[in-house]
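Student: I'm passing along target-v6.cif; it holds mmCIF, C-alpha atoms and all ligand atoms.
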```cif
data_input
#
loop_
_atom_site.group_PDB
_atom_site.id
_atom_site.type_symbol
_atom_site.label_atom_id
_atom_site.label_comp_id
_atom_site.auth_asym_id
_atom_site.auth_seq_id
_atom_site.Cartn_x
_atom_site.Cartn_y
_atom_site.Cartn_z
ATOM 1 C CA MET I 1 418.085 -146.741 -109.558
ATOM 2 C CA ALA I 2 420.293 -144.143 -111.264
ATOM 3 C CA LYS I 3 419.210 -140.552 -110.771
ATOM 4 C CA ARG I 4 417.733 -138.928 -113.850
ATOM 5 C CA ILE I 5 419.386 -135.703 -115.032
ATOM 6 C CA VAL I 6 417.801 -133.417 -117.601
ATOM 7 C CA VAL I 7 419.948 -130.667 -119.112
ATOM 8 C CA VAL I 8 418.374 -127.509 -120.554
ATOM 9 C CA ALA I 9 420.590 -125.544 -122.945
ATOM 10 C CA SER I 10 420.098 -122.943 -125.673
ATOM 11 C CA GLY I 11 423.388 -122.861 -127.508
ATOM 12 C CA ARG I 12 426.927 -124.160 -127.734
ATOM 13 C CA GLY I 13 426.544 -126.624 -124.898
ATOM 14 C CA SER I 14 430.129 -126.838 -123.684
ATOM 15 C CA ASN I 15 428.921 -127.105 -120.083
ATOM 16 C CA PHE I 16 426.519 -129.831 -121.167
ATOM 17 C CA GLN I 17 429.518 -131.600 -122.727
ATOM 18 C CA ALA I 18 431.405 -131.356 -119.443
ATOM 19 C CA VAL I 19 428.491 -133.067 -117.688
ATOM 20 C CA ILE I 20 428.295 -135.755 -120.383
ATOM 21 C CA GLU I 21 432.002 -136.499 -119.987
ATOM 22 C CA ALA I 22 431.757 -136.642 -116.195
ATOM 23 C CA LEU I 23 428.906 -139.130 -116.529
ATOM 24 C CA GLN I 24 430.900 -141.173 -119.032
ATOM 25 C CA ARG I 25 433.891 -141.232 -116.682
ATOM 26 C CA GLY I 26 431.654 -142.526 -113.905
ATOM 27 C CA MET I 27 432.252 -139.423 -111.796
ATOM 28 C CA ILE I 28 428.510 -138.987 -111.307
ATOM 29 C CA PRO I 29 426.356 -142.065 -110.622
ATOM 30 C CA ALA I 30 423.425 -140.851 -112.721
ATOM 31 C CA ALA I 31 422.109 -140.800 -116.275
ATOM 32 C CA CYS I 32 421.375 -137.858 -118.539
ATOM 33 C CA VAL I 33 417.938 -138.825 -119.844
ATOM 34 C CA ALA I 34 417.237 -135.796 -122.040
ATOM 35 C CA LEU I 35 418.501 -132.538 -123.464
ATOM 36 C CA VAL I 36 415.720 -129.972 -123.599
ATOM 37 C CA THR I 37 416.363 -126.939 -125.790
ATOM 38 C CA ASP I 38 414.440 -123.893 -126.974
ATOM 39 C CA ASN I 39 416.761 -123.540 -129.971
ATOM 40 C CA PRO I 40 416.481 -126.022 -132.860
ATOM 41 C CA LYS I 41 419.912 -124.849 -134.094
ATOM 42 C CA ALA I 42 421.719 -125.295 -130.778
ATOM 43 C CA TYR I 43 425.074 -127.058 -131.117
ATOM 44 C CA ALA I 44 424.130 -128.790 -127.876
ATOM 45 C CA ILE I 45 421.796 -130.973 -129.977
ATOM 46 C CA GLU I 46 424.762 -132.448 -131.855
ATOM 47 C CA ARG I 47 426.508 -133.142 -128.580
ATOM 48 C CA ALA I 48 423.412 -134.959 -127.281
ATOM 49 C CA GLU I 49 423.122 -137.022 -130.442
ATOM 50 C CA ALA I 50 426.786 -137.984 -130.293
ATOM 51 C CA ALA I 51 426.268 -139.195 -126.727
ATOM 52 C CA GLY I 52 422.993 -140.986 -127.484
ATOM 53 C CA ILE I 53 420.926 -138.622 -125.334
ATOM 54 C CA PRO I 54 417.329 -137.947 -126.470
ATOM 55 C CA VAL I 55 416.611 -134.361 -127.512
ATOM 56 C CA ILE I 56 413.373 -132.488 -126.873
ATOM 57 C CA VAL I 57 412.988 -129.170 -128.710
ATOM 58 C CA VAL I 58 410.428 -126.700 -127.380
ATOM 59 C CA VAL I 59 410.406 -123.737 -129.751
ATOM 60 C CA TYR I 60 409.417 -120.423 -128.188
ATOM 61 C CA ALA I 61 408.027 -119.001 -131.442
ATOM 62 C CA ALA I 62 405.736 -122.015 -131.833
ATOM 63 C CA SER I 63 403.813 -120.990 -128.725
ATOM 64 C CA ALA I 64 401.097 -118.338 -128.763
ATOM 65 C CA SER I 65 402.288 -116.717 -125.525
ATOM 66 C CA ARG I 66 404.967 -116.882 -122.885
ATOM 67 C CA GLU I 67 402.536 -118.819 -120.694
ATOM 68 C CA SER I 68 401.907 -121.471 -123.325
ATOM 69 C CA TYR I 69 405.645 -121.781 -123.982
ATOM 70 C CA GLU I 70 406.242 -122.293 -120.261
ATOM 71 C CA GLN I 71 403.457 -124.857 -120.180
ATOM 72 C CA ALA I 72 405.001 -126.746 -123.121
ATOM 73 C CA LEU I 73 408.393 -126.624 -121.416
ATOM 74 C CA LEU I 74 406.917 -127.883 -118.154
ATOM 75 C CA CYS I 75 405.244 -130.788 -119.982
ATOM 76 C CA ALA I 76 408.543 -131.684 -121.684
ATOM 77 C CA LEU I 77 410.328 -131.666 -118.333
ATOM 78 C CA GLN I 78 407.626 -133.705 -116.601
ATOM 79 C CA GLU I 79 407.752 -136.323 -119.338
ATOM 80 C CA ALA I 80 411.475 -136.753 -118.722
ATOM 81 C CA ARG I 81 410.838 -137.329 -114.972
ATOM 82 C CA PRO I 82 414.008 -135.558 -113.763
ATOM 83 C CA ASP I 83 415.552 -135.927 -110.338
ATOM 84 C CA LEU I 84 417.734 -132.943 -111.235
ATOM 85 C CA ILE I 85 417.416 -130.261 -113.913
ATOM 86 C CA VAL I 86 420.651 -128.584 -114.997
ATOM 87 C CA LEU I 87 420.396 -125.229 -116.744
ATOM 88 C CA ALA I 88 423.573 -125.071 -118.807
ATOM 89 C CA GLY I 89 423.398 -121.911 -120.889
ATOM 90 C CA TYR I 90 419.611 -121.713 -121.037
ATOM 91 C CA MET I 91 419.101 -118.166 -122.245
ATOM 92 C CA ARG I 92 415.604 -117.533 -120.911
ATOM 93 C CA ILE I 93 414.208 -116.806 -117.503
ATOM 94 C CA VAL I 94 412.470 -119.868 -116.083
ATOM 95 C CA GLY I 95 408.804 -119.183 -115.248
ATOM 96 C CA GLN I 96 407.288 -119.423 -111.807
ATOM 97 C CA ALA I 97 405.368 -122.652 -112.389
ATOM 98 C CA ILE I 98 408.525 -124.549 -113.376
ATOM 99 C CA VAL I 99 410.602 -123.028 -110.573
ATOM 100 C CA ARG I 100 407.952 -124.095 -108.047
ATOM 101 C CA GLU I 101 407.565 -127.593 -109.473
ATOM 102 C CA TYR I 102 411.319 -128.185 -109.290
ATOM 103 C CA ALA I 103 412.292 -126.212 -106.194
ATOM 104 C CA ARG I 104 415.743 -127.403 -105.021
ATOM 105 C CA LYS I 105 415.879 -129.742 -108.008
ATOM 106 C CA MET I 106 417.048 -127.210 -110.569
ATOM 107 C CA ILE I 107 420.530 -125.701 -110.765
ATOM 108 C CA ASN I 108 422.129 -123.078 -113.014
ATOM 109 C CA ILE I 109 425.673 -122.109 -113.948
ATOM 110 C CA HIS I 110 426.503 -118.416 -114.140
ATOM 111 C CA PRO I 111 429.808 -116.876 -115.325
ATOM 112 C CA ALA I 112 430.425 -114.576 -112.338
ATOM 113 C CA LEU I 113 430.784 -114.749 -108.589
ATOM 114 C CA LEU I 114 427.166 -114.156 -107.614
ATOM 115 C CA PRO I 115 425.616 -112.062 -106.211
ATOM 116 C CA SER I 116 427.865 -109.831 -108.327
ATOM 117 C CA PHE I 117 426.986 -109.455 -111.985
ATOM 118 C CA ALA I 118 423.707 -111.330 -112.327
ATOM 119 C CA GLY I 119 421.937 -111.292 -115.669
ATOM 120 C CA LEU I 120 423.394 -111.025 -119.139
ATOM 121 C CA HIS I 121 427.018 -110.210 -120.076
ATOM 122 C CA ALA I 122 428.434 -111.079 -116.665
ATOM 123 C CA GLN I 123 432.017 -111.016 -117.970
ATOM 124 C CA ARG I 124 431.503 -107.551 -119.489
ATOM 125 C CA GLN I 125 430.011 -106.324 -116.213
ATOM 126 C CA ALA I 126 433.063 -107.616 -114.338
ATOM 127 C CA LEU I 127 435.460 -105.826 -116.701
ATOM 128 C CA LEU I 128 433.490 -102.567 -116.534
ATOM 129 C CA HIS I 129 433.631 -102.666 -112.754
ATOM 130 C CA GLY I 130 437.337 -103.338 -112.764
ATOM 131 C CA VAL I 131 437.130 -106.278 -110.367
ATOM 132 C CA LYS I 132 440.389 -108.195 -110.019
ATOM 133 C CA VAL I 133 438.754 -111.536 -109.289
ATOM 134 C CA THR I 134 435.669 -113.043 -110.855
ATOM 135 C CA GLY I 135 434.649 -116.608 -111.628
ATOM 136 C CA CYS I 136 431.612 -118.801 -111.886
ATOM 137 C CA THR I 137 428.793 -119.892 -109.636
ATOM 138 C CA VAL I 138 426.499 -122.899 -109.585
ATOM 139 C CA HIS I 139 423.315 -122.166 -107.677
ATOM 140 C CA PHE I 140 419.826 -123.453 -107.125
ATOM 141 C CA VAL I 141 417.205 -121.726 -109.234
ATOM 142 C CA ASP I 142 414.555 -119.766 -107.404
ATOM 143 C CA GLU I 143 412.227 -116.999 -108.501
ATOM 144 C CA SER I 144 414.927 -114.319 -108.463
ATOM 145 C CA LEU I 145 417.310 -113.584 -111.328
ATOM 146 C CA ASP I 146 420.471 -115.653 -110.670
ATOM 147 C CA GLY I 147 419.783 -115.233 -106.962
ATOM 148 C CA GLY I 148 419.110 -118.719 -105.564
ATOM 149 C CA PRO I 149 421.241 -120.415 -102.886
ATOM 150 C CA ILE I 150 424.841 -120.949 -103.958
ATOM 151 C CA ILE I 151 426.197 -124.496 -104.239
ATOM 152 C CA LEU I 152 429.758 -123.758 -105.286
ATOM 153 C CA GLN I 153 431.976 -121.156 -106.875
ATOM 154 C CA ARG I 154 435.357 -121.103 -108.582
ATOM 155 C CA CYS I 155 437.563 -118.017 -108.885
ATOM 156 C CA VAL I 156 439.344 -116.559 -111.896
ATOM 157 C CA ARG I 157 441.832 -113.669 -111.768
ATOM 158 C CA VAL I 158 441.151 -110.786 -114.109
ATOM 159 C CA MET I 159 444.283 -109.800 -116.040
ATOM 160 C CA ASP I 160 445.056 -106.213 -117.035
ATOM 161 C CA ASP I 161 444.886 -107.078 -120.717
ATOM 162 C CA ASP I 162 441.730 -109.198 -120.559
ATOM 163 C CA ASP I 163 438.888 -108.492 -122.934
ATOM 164 C CA GLU I 164 435.464 -110.059 -122.751
ATOM 165 C CA ASP I 165 436.522 -113.062 -124.842
ATOM 166 C CA THR I 166 439.734 -113.924 -123.030
ATOM 167 C CA LEU I 167 438.037 -113.556 -119.668
ATOM 168 C CA ALA I 168 435.027 -115.626 -120.772
ATOM 169 C CA GLN I 169 437.371 -118.372 -121.993
ATOM 170 C CA ARG I 170 439.216 -118.608 -118.680
ATOM 171 C CA ILE I 171 435.963 -118.567 -116.731
ATOM 172 C CA LEU I 172 434.600 -121.301 -118.994
ATOM 173 C CA ILE I 173 437.480 -123.615 -118.046
ATOM 174 C CA GLN I 174 436.396 -123.256 -114.414
ATOM 175 C CA GLU I 175 432.722 -123.694 -115.334
ATOM 176 C CA HIS I 176 433.546 -127.063 -116.848
ATOM 177 C CA ILE I 177 434.979 -128.162 -113.491
ATOM 178 C CA ALA I 178 432.320 -126.529 -111.328
ATOM 179 C CA LEU I 179 429.200 -127.788 -113.064
ATOM 180 C CA PRO I 180 429.935 -131.533 -113.018
ATOM 181 C CA GLU I 181 431.094 -131.208 -109.413
ATOM 182 C CA ALA I 182 427.852 -129.473 -108.424
ATOM 183 C CA VAL I 183 425.823 -132.132 -110.242
ATOM 184 C CA ARG I 184 427.743 -134.828 -108.377
ATOM 185 C CA LEU I 185 427.086 -133.124 -105.045
HETATM 186 C C1 LIG S 201 428.180 -120.159 -119.915
HETATM 187 O O1 LIG S 201 429.087 -119.099 -119.759
HETATM 188 C C2 LIG S 201 427.227 -120.221 -118.763
HETATM 189 O O2 LIG S 201 427.809 -119.842 -117.553
HETATM 190 C C3 LIG S 201 426.174 -119.224 -119.169
HETATM 191 O O3 LIG S 201 426.027 -119.402 -120.553
HETATM 192 C C4 LIG S 201 427.247 -119.925 -121.088
HETATM 193 C C5 LIG S 201 426.900 -121.196 -121.793
HETATM 194 O O4 LIG S 201 427.997 -121.763 -122.469
HETATM 195 N N1 LIG S 201 424.969 -119.423 -118.418
HETATM 196 P P1 LIG S 201 427.882 -123.248 -123.066
HETATM 197 O O5 LIG S 201 426.636 -123.253 -123.954
HETATM 198 O O6 LIG S 201 427.750 -124.194 -121.929
HETATM 199 O O7 LIG S 201 429.116 -123.456 -123.864
#
```
Translate this structure into structure tokens?
Ligand code: GRF

Tutor:
Amino acid sequence: MAKRIVVVASGRGSNFQAVIEALQRGMIPAACVALVTDNPKAYAIERAEAAGIPVIVVVYAASASRESYEQALLCALQEARPDLIVLAGYMRIVGQAIVREYARKMINIHPALLPSFAGLHAQRQALLHGVKVTGCTVHFVDESLDGGPIILQRCVRVMDDDDEDTLAQRILIQEHIALPEAVRL
């Protein structure tokens, strides 16, 4: 039976799109059975609808506390019965209960060569440090911030005239290669 992939995304969803296209090309013998999002306005929702992928919205503000939000998110994930959860631009920290339930079954894409520049604004951090090479990392999610075991990385050279946007764009091109490849692996 085809493996069941659930993607969790908060925004634009270009990495989600890269996974959709890899599935459509037959590069990954699996099915994306749901998009789960915390953002009812996420462009990722339109991408899911265009690909015929069911969407589950779990709104943070609709929950009384962080714990009840995490519980609602866990229920949504359980209902989708994932073999693999792909965090593709999910802009929240995943709670302990979910991390434990899906240990080694949840991966994340980060726009830097971890363990450098974890957390937000990874491209800005790279520019401020003056590194000459950065990139992207796909890693398993554990209880640390962007610190789980690394699956694969791709490098990007930093140019002298790069700003945050130009660097982010070049990293994104590599993300769109790295994420489907990690999902396939
Ligand atoms: C990507 O840079 C990803 O590495 C980071 O958030 C961004 C999401 O972009 N975690 P998109 O929504 O996939 O276009």

Student: Return as a PDB file with C-alpha atoms, in the frame of the given file the set of residues that the PyMOL selection byres (((chain I and resi 111-121) around 10) and not hetatm) yields on the displayed structure.

Tutor:
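Contents of expr.pdb, freshly written:
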```pdb
ATOM      1  CA  GLY I  89     423.398-121.911-120.889  1.00  0.00           C
ATOM      2  CA  MET I  91     419.101-118.166-122.245  1.00  0.00           C
ATOM      3  CA  ILE I  93     414.208-116.806-117.503  1.00  0.00           C
ATOM      4  CA  ILE I 109     425.673-122.109-113.948  1.00  0.00           C
ATOM      5  CA  HIS I 110     426.503-118.416-114.140  1.00  0.00           C
ATOM      6  CA  ALA I 122     428.434-111.079-116.665  1.00  0.00           C
ATOM      7  CA  GLN I 123     432.017-111.016-117.970  1.00  0.00           C
ATOM      8  CA  ARG I 124     431.503-107.551-119.489  1.00  0.00           C
ATOM      9  CA  GLN I 125     430.011-106.324-116.213  1.00  0.00           C
ATOM     10  CA  ALA I 126     433.063-107.616-114.338  1.00  0.00           C
ATOM     11  CA  HIS I 129     433.631-102.666-112.754  1.00  0.00           C
ATOM     12  CA  VAL I 133     438.754-111.536-109.289  1.00  0.00           C
ATOM     13  CA  THR I 134     435.669-113.043-110.855  1.00  0.00           C
ATOM     14  CA  GLY I 135     434.649-116.608-111.628  1.00  0.00           C
ATOM     15  CA  CYS I 136     431.612-118.801-111.886  1.00  0.00           C
ATOM     16  CA  THR I 137     428.793-119.892-109.636  1.00  0.00           C
ATOM     17  CA  VAL I 138     426.499-122.899-109.585  1.00  0.00           C
ATOM     18  CA  HIS I 139     423.315-122.166-107.677  1.00  0.00           C
ATOM     19  CA  LEU I 145     417.310-113.584-111.328  1.00  0.00           C
ATOM     20  CA  ASP I 146     420.471-115.653-110.670  1.00  0.00           C
ATOM     21  CA  GLY I 147     419.783-115.233-106.962  1.00  0.00           C
ATOM     22  CA  GLY I 148     419.110-118.719-105.564  1.00  0.00           C
ATOM     23  CA  PRO I 149     421.241-120.415-102.886  1.00  0.00           C
ATOM     24  CA  ILE I 150     424.841-120.949-103.958  1.00  0.00           C
ATOM     25  CA  LEU I 152     429.758-123.758-105.286  1.00  0.00           C
ATOM     26  CA  GLN I 153     431.976-121.156-106.875  1.00  0.00           C
ATOM     27  CA  ARG I 154     435.357-121.103-108.582  1.00  0.00           C
ATOM     28  CA  CYS I 155     437.563-118.017-108.885  1.00  0.00           C
ATOM     29  CA  VAL I 156     439.344-116.559-111.896  1.00  0.00           C
ATOM     30  CA  GLU I 164     435.464-110.059-122.751  1.00  0.00           C
ATOM     31  CA  LEU I 167     438.037-113.556-119.668  1.00  0.00           C
ATOM     32  CA  ALA I 168     435.027-115.626-120.772  1.00  0.00           C
ATOM     33  CA  ILE I 171     435.963-118.567-116.731  1.00  0.00           C
ATOM     34  CA  LEU I 172     434.600-121.301-118.994  1.00  0.00           C
ATOM     35  CA  GLN I 174     436.396-123.256-114.414  1.00  0.00           C
ATOM     36  CA  GLU I 175     432.722-123.694-115.334  1.00  0.00           C
TER      37      GLU I 175
END
```

Student: Would you please work out which residue, of I:Val57, I:Val36, I:Leu179, I:Met159, is nearest to ligand LIG 201 (chain S) when using all atoms listed in the file?

Tutor: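 Among the listed residues, the smallest separation from ligand LIG 201 (chain S) belongs to I:Leu179.
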
Student: Hey, could you pull the box centre and edge lengths for ligand LIG 201 (chain S), axis-aligned, 8 Å padding per side, all listed atoms, to one decimal in Å, as lines of an AutoDock Vina configuration file?

Tutor:
```
center_x = 427.0
center_y = -121.6
center_z = -120.8
size_x = 20.1
size_y = 21.1
size_z = 22.4
```

Student: Got a sec to resolve the PyMOL selection byres (((chain I and resi 39) around 8) and not hetatm) on this structure and send the residues as a list in words?

Tutor: Ser10, Gly11, Thr37, Asp38, Pro40, Lys41, Ala42, Val57, Val58 and Val59 of chain I

Student: Using all atoms listed in the file, can you tell me which of I:Ala48, I:Ala2, I:Ala97, I:Leu84 comes closest to Ala31 of chain I?

Tutor: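 With all atoms listed in the file as the atom set, the closest residue is I:Ala2.
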
Student: Pick the closest to ligand LIG 201 (chain S) from I:Arg12, I:Arg81, I:Lys105, I:Arg170: which is it, counting only C-alpha atoms and all ligand atoms?

Tutor: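 Among the listed residues, the smallest separation from ligand LIG 201 (chain S) belongs to I:Arg12.
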